[in-house]
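Asks: Just query-v6.txt, nothing more (compact mmCIF, C-alpha atoms):
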```txt
# COMPACT_ATOMS: atom_id res chain seq x y z
CA MET N 1 18.33 67.43 15.53
CA THR N 2 19.84 64.34 17.08
CA ASP N 3 16.43 62.70 17.47
CA GLN N 4 15.56 63.36 13.84
CA THR N 5 18.91 61.91 12.67
CA THR N 6 18.43 58.84 14.83
CA LYS N 7 14.91 58.25 13.49
CA ALA N 8 16.09 58.68 9.92
CA SER N 9 18.83 56.09 10.38
CA LEU N 10 16.48 53.44 11.71
CA PRO N 11 15.22 50.87 9.16
CA ALA N 12 11.66 51.12 8.04
CA GLN N 13 9.36 48.81 9.97
CA SER N 14 6.41 46.93 8.56
CA PRO N 15 3.01 47.68 10.06
CA PRO N 16 2.02 45.46 12.96
CA VAL N 17 0.24 42.25 12.06
CA ASP N 18 -2.77 41.16 14.04
CA PRO N 19 -2.14 37.87 15.85
CA PRO N 20 -4.23 34.93 14.69
CA GLN N 21 -7.47 34.56 16.55
CA PRO N 22 -7.56 31.33 18.53
CA GLY N 23 -11.26 30.79 17.91
CA LYS N 24 -11.15 31.43 14.18
CA ARG N 25 -11.52 28.37 11.99
CA LEU N 26 -10.38 27.84 8.45
CA SER N 27 -13.07 27.80 5.83
CA PRO N 28 -13.66 24.46 4.06
CA ALA N 29 -12.07 25.86 0.88
CA ASP N 30 -8.92 27.01 2.72
CA TRP N 31 -8.67 23.70 4.57
CA PHE N 32 -9.07 21.72 1.35
CA LYS N 33 -6.15 23.62 -0.20
CA GLY N 34 -3.82 22.96 2.74
CA ASP N 35 -1.44 20.08 3.38
CA GLY N 36 -3.83 18.51 5.88
CA ALA N 37 -6.33 17.69 3.16
CA GLU N 38 -3.80 16.22 0.74
CA PRO N 39 -4.72 12.57 1.53
CA LEU N 40 -8.38 13.42 0.95
CA ARG N 41 -7.59 15.12 -2.36
CA ARG N 42 -5.55 12.15 -3.50
CA ASN N 43 -8.23 9.65 -2.48
CA LEU N 44 -10.87 11.65 -4.31
CA GLY N 45 -8.62 11.66 -7.36
CA LEU N 46 -8.27 7.86 -7.20
CA ILE N 47 -12.04 7.51 -6.85
CA GLY N 48 -12.32 9.64 -9.96
CA VAL N 49 -9.92 7.31 -11.77
CA LEU N 50 -12.07 4.33 -10.75
CA VAL N 51 -15.18 6.07 -12.07
CA ILE N 52 -13.41 6.80 -15.38
CA LEU N 53 -12.38 3.14 -15.68
CA VAL N 54 -15.97 2.03 -15.10
CA ILE N 55 -17.18 4.48 -17.75
CA ILE N 56 -14.60 3.12 -20.20
CA GLY N 57 -15.80 -0.40 -19.48
CA ALA N 58 -19.43 0.60 -19.99
CA VAL N 59 -18.58 2.26 -23.32
CA THR N 60 -16.45 -0.61 -24.64
CA ARG N 61 -18.70 -3.44 -23.41
CA PRO N 62 -22.22 -1.99 -23.03
CA GLU N 63 -23.83 -5.42 -23.35
CA LEU N 64 -22.08 -6.53 -20.16
CA TYR N 65 -22.53 -3.39 -18.10
CA GLY N 66 -26.20 -3.31 -19.04
CA ASP N 67 -26.72 -6.48 -17.00
CA ALA N 68 -27.10 -5.58 -13.31
CA THR N 69 -26.33 -9.14 -12.16
CA TRP N 70 -23.13 -9.22 -14.18
CA VAL N 71 -22.04 -5.84 -12.79
CA LYS N 72 -22.58 -7.06 -9.24
CA ASN N 73 -20.68 -10.31 -9.81
CA ASN N 74 -17.90 -8.49 -11.66
CA THR N 75 -17.51 -6.04 -8.78
CA PHE N 76 -17.08 -8.93 -6.36
CA THR N 77 -14.62 -10.52 -8.78
CA ILE N 78 -12.49 -7.36 -8.79
CA LEU N 79 -12.56 -7.18 -4.99
CA GLN N 80 -11.69 -10.86 -4.70
CA GLN N 81 -8.77 -10.49 -7.09
CA ALA N 82 -7.58 -7.46 -5.12
CA SER N 83 -7.82 -9.19 -1.74
CA ALA N 84 -4.46 -10.98 -1.53
CA ILE N 85 -2.40 -8.21 -3.12
CA GLY N 86 -4.28 -5.73 -0.93
CA VAL N 87 -3.17 -7.53 2.22
CA VAL N 88 0.43 -7.53 0.98
CA THR N 89 0.18 -3.82 0.14
CA VAL N 90 -0.80 -2.98 3.72
CA GLY N 91 2.46 -4.47 4.97
CA MET N 92 4.41 -2.87 2.14
CA THR N 93 2.94 0.54 2.98
CA PHE N 94 4.23 0.31 6.55
CA VAL N 95 7.71 -0.66 5.32
CA ILE N 96 7.89 2.20 2.82
CA ILE N 97 6.57 4.76 5.32
CA GLY N 98 9.31 3.55 7.66
CA GLY N 99 11.91 4.38 5.02
CA GLY N 100 12.48 0.88 3.64
CA ILE N 101 11.48 -1.30 0.71
CA ASP N 102 10.65 -5.00 0.46
CA LEU N 103 11.30 -6.75 -2.85
CA SER N 104 10.84 -10.20 -1.33
CA VAL N 105 7.10 -10.21 -0.59
CA GLY N 106 6.23 -12.41 -3.57
CA ALA N 107 8.93 -14.91 -2.66
CA ILE N 108 7.82 -14.90 1.00
CA ILE N 109 4.28 -15.76 -0.13
CA ALA N 110 5.69 -18.59 -2.24
CA VAL N 111 7.78 -20.17 0.51
CA ALA N 112 4.97 -19.73 3.06
CA GLY N 113 2.42 -21.23 0.70
CA VAL N 114 4.61 -24.18 -0.29
CA TRP N 115 5.65 -24.90 3.30
CA SER N 116 2.04 -24.85 4.50
CA THR N 117 0.89 -27.30 1.80
CA THR N 118 3.46 -30.03 2.31
CA LEU N 119 1.97 -33.41 3.26
CA ALA N 120 3.53 -33.16 6.72
CA THR N 121 1.97 -29.75 7.37
CA GLN N 122 -1.43 -30.68 5.96
CA SER N 123 -1.57 -33.61 8.37
CA TYR N 124 -1.95 -31.07 11.21
CA GLY N 125 -5.19 -29.76 9.74
CA THR N 126 -6.44 -26.26 9.02
CA LEU N 127 -4.90 -24.52 12.02
CA GLY N 128 -1.56 -26.17 11.34
CA MET N 129 -1.52 -24.93 7.76
CA ILE N 130 -2.51 -21.37 8.71
CA PHE N 131 -0.04 -21.31 11.62
CA THR N 132 2.78 -22.51 9.38
CA ALA N 133 2.09 -19.94 6.65
CA VAL N 134 1.92 -17.06 9.14
CA VAL N 135 4.99 -18.12 11.14
CA VAL N 136 7.09 -18.69 8.02
CA GLY N 137 6.12 -15.24 6.74
CA ILE N 138 7.00 -13.57 10.04
CA VAL N 139 10.32 -15.41 10.37
CA VAL N 140 11.45 -14.48 6.86
CA GLY N 141 10.37 -10.88 7.52
CA LEU N 142 12.40 -10.89 10.75
CA ILE N 143 15.46 -12.11 8.85
CA ASN N 144 15.03 -9.21 6.42
CA GLY N 145 14.74 -6.76 9.29
CA VAL N 146 17.78 -8.10 11.13
CA LEU N 147 19.94 -8.00 7.99
CA ILE N 148 18.90 -4.40 7.34
CA SER N 149 19.00 -3.07 10.90
CA TYR N 150 21.87 -4.94 12.48
CA GLY N 151 23.69 -6.18 9.37
CA ARG N 152 23.52 -2.66 7.94
CA LEU N 153 22.55 -3.88 4.49
CA VAL N 154 20.69 -1.56 2.15
CA PRO N 155 17.00 -2.62 2.11
CA PHE N 156 17.06 -2.97 -1.67
CA ILE N 157 20.00 -5.40 -1.57
CA ALA N 158 18.84 -7.37 1.48
CA THR N 159 15.31 -7.97 0.19
CA LEU N 160 16.55 -8.62 -3.35
CA ALA N 161 18.80 -11.36 -2.00
CA MET N 162 15.91 -12.74 0.05
CA MET N 163 13.69 -12.72 -3.04
CA VAL N 164 16.11 -15.03 -4.83
CA ALA N 165 16.83 -17.20 -1.79
CA ALA N 166 13.19 -17.66 -0.77
CA ARG N 167 12.19 -18.69 -4.30
CA GLY N 168 15.00 -21.24 -4.18
CA VAL N 169 13.82 -22.58 -0.83
CA ALA N 170 10.26 -22.84 -2.14
CA ALA N 171 11.45 -24.75 -5.22
CA GLN N 172 13.54 -27.06 -3.03
CA ILE N 173 10.66 -27.83 -0.67
CA SER N 174 8.15 -28.47 -3.46
CA GLY N 175 10.58 -30.30 -5.73
CA LYS N 176 9.57 -27.82 -8.44
CA GLN N 177 6.10 -29.38 -8.41
CA THR N 178 2.66 -27.92 -7.70
CA GLN N 179 1.47 -28.99 -4.25
CA VAL N 180 -2.29 -29.57 -4.11
CA SER N 181 -4.18 -28.58 -0.99
CA THR N 182 -6.48 -31.35 0.21
CA ASN N 183 -7.83 -29.35 3.13
CA THR N 184 -11.45 -28.50 2.31
CA THR N 185 -11.64 -25.74 4.92
CA ILE N 186 -8.70 -23.87 3.37
CA ASN N 187 -10.02 -24.45 -0.14
CA ASP N 188 -13.50 -23.21 0.81
CA ILE N 189 -12.19 -19.82 1.96
CA ALA N 190 -12.21 -18.54 -1.63
CA SER N 191 -15.70 -19.85 -2.41
CA THR N 192 -17.44 -18.96 0.87
CA ARG N 193 -19.72 -15.89 0.62
CA PRO N 194 -21.22 -14.74 3.93
CA LEU N 195 -24.15 -12.41 3.17
CA GLY N 196 -23.30 -12.75 -0.52
CA ILE N 197 -19.86 -11.15 -0.14
CA PRO N 198 -16.69 -13.26 -0.68
CA LEU N 199 -14.92 -14.18 2.55
CA LEU N 200 -11.64 -12.98 1.02
CA VAL N 201 -13.11 -9.46 0.85
CA TYR N 202 -13.91 -9.62 4.58
CA ILE N 203 -10.31 -10.67 5.29
CA LEU N 204 -9.01 -7.74 3.22
CA ALA N 205 -11.34 -5.34 5.05
CA LEU N 206 -10.17 -6.60 8.45
CA VAL N 207 -6.49 -6.27 7.53
CA VAL N 208 -7.02 -2.76 6.10
CA ALA N 209 -8.96 -1.69 9.21
CA ALA N 210 -6.28 -3.09 11.51
CA GLY N 211 -3.56 -1.40 9.46
CA TRP N 212 -5.38 1.94 9.54
CA VAL N 213 -5.78 1.79 13.32
CA LEU N 214 -2.17 0.71 13.79
CA LEU N 215 -0.84 3.56 11.64
CA ASN N 216 -3.11 6.36 12.77
CA ARG N 217 -4.12 5.57 16.33
CA THR N 218 -1.12 3.92 17.98
CA THR N 219 2.38 4.78 19.11
CA PHE N 220 3.71 2.20 16.65
CA GLY N 221 2.24 4.18 13.76
CA ARG N 222 3.64 7.50 14.97
CA ARG N 223 7.06 5.93 15.43
CA THR N 224 6.88 4.48 11.91
CA VAL N 225 6.29 7.94 10.44
CA ALA N 226 9.08 9.40 12.60
CA VAL N 227 11.59 6.70 11.62
CA GLY N 228 10.80 7.12 7.93
CA GLY N 229 10.83 10.91 8.05
CA ASN N 230 14.11 11.37 9.95
CA PRO N 231 15.78 8.32 11.50
CA GLU N 232 18.39 10.35 13.39
CA ALA N 233 15.79 12.64 14.91
CA ALA N 234 13.73 9.59 15.84
CA ARG N 235 16.76 8.04 17.55
CA LEU N 236 17.44 11.22 19.48
CA ALA N 237 13.78 11.24 20.53
CA GLY N 238 14.29 7.88 22.22
CA ILE N 239 12.96 5.53 19.51
CA ASN N 240 14.87 2.30 19.00
CA VAL N 241 15.10 2.72 15.24
CA LYS N 242 16.79 -0.64 14.57
CA PHE N 243 14.29 -2.67 16.56
CA HIS N 244 11.36 -0.78 15.06
CA THR N 245 12.66 -1.49 11.56
CA VAL N 246 12.80 -5.20 12.39
CA LEU N 247 9.17 -5.04 13.51
CA LEU N 248 8.15 -3.35 10.25
CA TYR N 249 9.61 -6.16 8.16
CA ALA N 250 8.05 -8.74 10.47
CA LEU N 251 4.70 -7.03 9.91
CA SER N 252 5.24 -7.24 6.17
CA GLY N 253 6.04 -10.95 6.55
CA LEU N 254 2.85 -11.44 8.56
CA CYS N 255 0.80 -9.92 5.74
CA CYS N 256 2.58 -12.21 3.28
CA GLY N 257 1.70 -15.24 5.38
CA ILE N 258 -1.98 -14.26 5.38
CA ALA N 259 -1.85 -13.65 1.62
CA ALA N 260 -0.27 -17.09 1.13
CA VAL N 261 -3.31 -18.75 2.73
CA MET N 262 -5.64 -16.64 0.58
CA LEU N 263 -3.85 -17.51 -2.67
CA THR N 264 -3.62 -21.18 -1.72
CA SER N 265 -7.38 -21.15 -1.21
CA GLN N 266 -8.01 -19.52 -4.58
CA ALA N 267 -5.80 -21.97 -6.51
CA THR N 268 -6.33 -24.95 -4.12
CA SER N 269 -2.58 -25.41 -4.49
CA ALA N 270 0.80 -23.75 -3.99
CA GLN N 271 4.00 -23.64 -5.99
CA ALA N 272 7.36 -21.88 -6.03
CA ALA N 273 6.24 -19.53 -8.83
CA MET N 274 3.12 -18.24 -7.06
CA ALA N 275 2.71 -14.51 -6.36
CA ASN N 276 5.12 -13.62 -9.14
CA LEU N 277 5.82 -9.84 -9.34
CA TYR N 278 3.59 -9.16 -6.35
CA GLU N 279 6.33 -6.93 -4.98
CA LEU N 280 6.02 -4.58 -7.94
CA ASP N 281 2.23 -4.45 -7.74
CA ALA N 282 2.33 -3.75 -3.99
CA ILE N 283 4.95 -1.00 -4.34
CA ALA N 284 3.07 0.57 -7.24
CA ALA N 285 -0.25 0.52 -5.37
CA ALA N 286 1.34 2.13 -2.32
CA ILE N 287 2.95 4.84 -4.45
CA ILE N 288 -0.17 5.86 -6.33
CA GLY N 289 -1.96 5.82 -3.00
CA GLY N 290 0.29 8.63 -1.78
CA THR N 291 3.10 6.81 0.02
CA LEU N 292 6.47 8.50 -0.47
CA LEU N 293 9.31 6.22 -1.51
CA SER N 294 11.62 8.31 0.66
CA GLY N 295 9.48 7.45 3.69
CA GLY N 296 7.72 9.47 6.34
CA ARG N 297 4.30 9.72 4.70
CA GLY N 298 1.57 7.42 3.45
CA THR N 299 -1.97 6.22 4.03
CA ILE N 300 -3.54 2.77 4.22
CA ILE N 301 -6.77 3.91 2.55
CA GLY N 302 -4.84 5.47 -0.32
CA ALA N 303 -2.89 2.24 -0.80
CA LEU N 304 -6.18 0.31 -0.89
CA PHE N 305 -7.50 2.62 -3.61
CA GLY N 306 -4.25 2.03 -5.50
CA VAL N 307 -4.85 -1.73 -5.37
CA LEU N 308 -8.42 -1.28 -6.59
CA VAL N 309 -7.26 0.88 -9.50
CA PHE N 310 -4.82 -1.80 -10.67
CA SER N 311 -7.35 -4.60 -10.18
CA THR N 312 -9.97 -2.65 -12.14
CA ILE N 313 -7.48 -2.06 -14.97
CA THR N 314 -6.69 -5.79 -15.07
CA ASN N 315 -10.39 -6.62 -15.18
CA LEU N 316 -11.04 -4.00 -17.86
CA PHE N 317 -8.32 -5.43 -20.08
CA ALA N 318 -9.60 -8.98 -19.49
CA ILE N 319 -13.19 -8.27 -20.53
CA ASN N 320 -11.92 -6.48 -23.64
CA ASN N 321 -9.52 -9.31 -24.52
CA LEU N 322 -6.51 -6.97 -24.55
CA SER N 323 -2.93 -8.12 -24.14
CA THR N 324 -1.02 -8.24 -20.89
CA GLU N 325 1.75 -6.18 -22.50
CA ALA N 326 -0.62 -3.26 -23.06
CA GLN N 327 -1.87 -3.61 -19.50
CA ASN N 328 1.67 -3.39 -18.13
CA MET N 329 2.36 -0.29 -20.21
CA VAL N 330 -0.74 1.39 -18.77
CA LYS N 331 0.29 0.44 -15.24
CA GLY N 332 3.76 1.89 -15.85
CA GLY N 333 2.26 5.14 -17.06
CA ILE N 334 0.06 5.36 -13.96
CA ILE N 335 3.08 4.87 -11.69
CA VAL N 336 5.00 7.64 -13.45
CA ALA N 337 1.99 9.95 -13.25
CA ALA N 338 1.59 9.21 -9.53
CA VAL N 339 5.23 10.10 -8.82
CA LEU N 340 4.85 13.33 -10.79
CA VAL N 341 1.78 14.22 -8.75
CA GLN N 342 3.85 13.72 -5.61
CA GLN N 343 6.37 16.22 -6.94
CA PHE N 344 3.78 18.86 -7.91
CA ARG N 345 1.19 18.85 -5.18
CA PHE N 346 -2.11 20.71 -5.25
CA ARG N 347 -1.05 23.38 -2.79
CA SER N 348 2.05 24.23 -4.77
CA LEU N 349 -0.10 24.56 -7.89
CA THR N 350 -2.55 26.92 -6.22
CA GLN N 351 0.29 29.03 -4.88
CA LEU N 352 1.79 29.19 -8.36
CA LEU N 353 -1.49 30.25 -9.94
CA GLY N 354 -2.13 32.78 -7.20
CA ARG N 355 1.31 34.39 -7.35
CA LYS N 356 1.28 38.00 -8.38
CA PRO N 357 3.91 39.38 -10.76
CA ILE N 358 6.60 41.57 -9.23
CA SER N 359 6.10 45.21 -10.18
```
Write the structure described by the file as C-alpha cells, please.

Replies:
Amino acid sequence: MTDQTTKASLPAQSPPVDPPQPGKRLSPADWFKGDGAEPLRRNLGLIGVLVILVIIGAVTRPELYGDATWVKNNTFTILQQASAIGVVTVGMTFVIIGGGIDLSVGAIIAVAGVWSTTLATQSYGTLGMIFTAVVVGIVVGLINGVLISYGRLVPFIATLAMMVAARGVAAQISGKQTQVSTNTTINDIASTRPLGIPLLVYILALVVAAGWVLLNRTTFGRRTVAVGGNPEAARLAGINVKFHTVLLYALSGLCCGIAAVMLTSQATSAQAAMANLYELDAIAAAIIGGTLLSGGRGTIIGALFGVLVFSTITNLFAINNLSTEAQNMVKGGIIVAAVLVQQFRFRSLTQLLGRKPIS
C-alpha cells in the first residue's frame, strides 16, 4: 500500500531519449537549415540579387548586353568601381564585428590622399606617396581607437568628430584646391591590366583574401568576434579589449590609406571632397553582407558581395540614364530589407512553418 502511494505521488517521467550518435552526420538539408549555413544562405541570396540585376540590365538595354565585348568591359568597369570602396568595406567590417562603427573613413581617405599628393610628398617618389597615404590612414585610425578605448567616447561621436576634423585638415593642406598627381607610376595603377584584368581588381582581391584569413584563421579574428559579441566576457577571458579596439580602428585606417592611393590613381588627383559618403556605402555593404550592427558576427565574403550589389546598381542606373536620387532610394530600400532579413532569419522561418498547432 505504501509503495503504491509513493509511486502514485511521483511525477510522470518522459520516456528515455536515445543519446546522439557520435558518428551520425547531419544531412545536407538539415545542415543548410541550421545556423552554421546562414552565411552561405545569405551569400547565395546576394548572388541571386546580382543575377536579377543583370537580367534587368539585359531587358532594359538588350542592345548593350547583346555585345559580348561590351559585357566583358562593363564587368571589369563594375569591379574597378567597386575596388576602392571594397577595400574600405573590409576594414569597416572588422570594426563593426568588433562592436564599433567608423563614420570617418571617407574623411581619412581624403586627408591621406591630399597629404600624399602634396609637392613635398611627391618629391619622394612612388614609395614616398604610398608610405605617406598608408601611415596617415593608420595614424588617424589609431587616434579614433584611442579616443574610443581610453577616452571612453562613444564610437559614433568619436568618428563623427574625426570625420569633420579630417575633412578640415584635408582642406587646409590642399588650400581647397585639387592637387594633381604627377607620378606616372601611381597614375598608371588604374590603367594597368595584367592578363587583361585591372590592377585595382587584383588589389581588392588581395585585401579581401587577407581580411578573410585574418578574420577566420587567426587569433586576432577570434578575438574580434569575442569583443564584439560580449566585451565583458572577452575581458574576463584575458583579452585586452581596449588595445584590441585600437587595433581594429588602425586596421580600418590602413584600408583607408590603401583606398586613397587607388582613388588618387583613378582621378590622377586628390582633393578634400574625395570619397564623399564612402562611410555610408561601406556600412551599408557590410550590413547587407550579414554583419550585425551590434557586433559579434559578420563575413568578409558577404561584405564583398554587398559592395558588388551596390556597384552593379550604380552601373545599372548609369547605363539607363536614371537619376542619382532614384538610385539612393533603391539603396535605402535594400539596406532596410537587409536589416529585416537579419531579424527574421531562415531557421526561424522554417521553425515557424513547421510548428504544429497545440491540441

Asks: Smallest atom-to-atom distance to Thr60 of chain N: which of N:Ala171, N:Leu340, N:Val330, N:Leu316, using only C-alpha atoms?

Replies: N:Leu316

Asks: Please measure the separation of atom CA of Ile78 of chain N and atom CA of Lys331 of chain N, giving the value in Å to one decimal.

Replies: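 Interatomic distance, atom CA of Ile78 of chain N to atom CA of Lys331 of chain N: 16.3 Å.
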
Asks: Which one is closest to Glu279 of chain N: N:Asn216, N:Asn74, N:Thr121, N:Thr159? Count only C-alpha atoms.

Replies: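 Residue with the minimum atom-to-atom distance to Glu279 of chain N: N:Thr159.
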
Asks: For a quick check of understanding, using all atoms listed in the file, which of N:Pro39, N:Gly48, N:Gly106, N:Gly137 has the smallest distance to Cys255 of chain N?

Replies: N:Gly137

Asks: Find the residues near segment 49-57 of chain N: any atom within 9 Å, counting all atoms listed in the file, skip ones fewer than 5 places away on the same chain, and give them as a ChimeraX atom specification.

Replies: /N:44,62,64-65,305,308-309,312-313,316,319-320

Asks: Quick one: of N:Val140, N:Leu119, N:Val307, N:Leu79, who's nearest to Ile173 of chain N, counting all atoms listed in the file?

Replies: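 Distance minimum relative to Ile173 of chain N lands on N:Leu119.
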
Asks: Using Å and a single decimal, report how far atom CA of Tyr150 of chain N sits from atom CA of Phe243 of chain N.

Replies: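 Answer for the atom CA of Phe243 of chain N to atom CA of Tyr150 of chain N separation: 8.9 Å.
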
Asks: In Å, with one decimal, what is the gap from atom CA of Gly289 of chain N to atom CA of Gly45 of chain N?

Replies: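 Atom CA of Gly45 of chain N lies 9.9 Å from atom CA of Gly289 of chain N.
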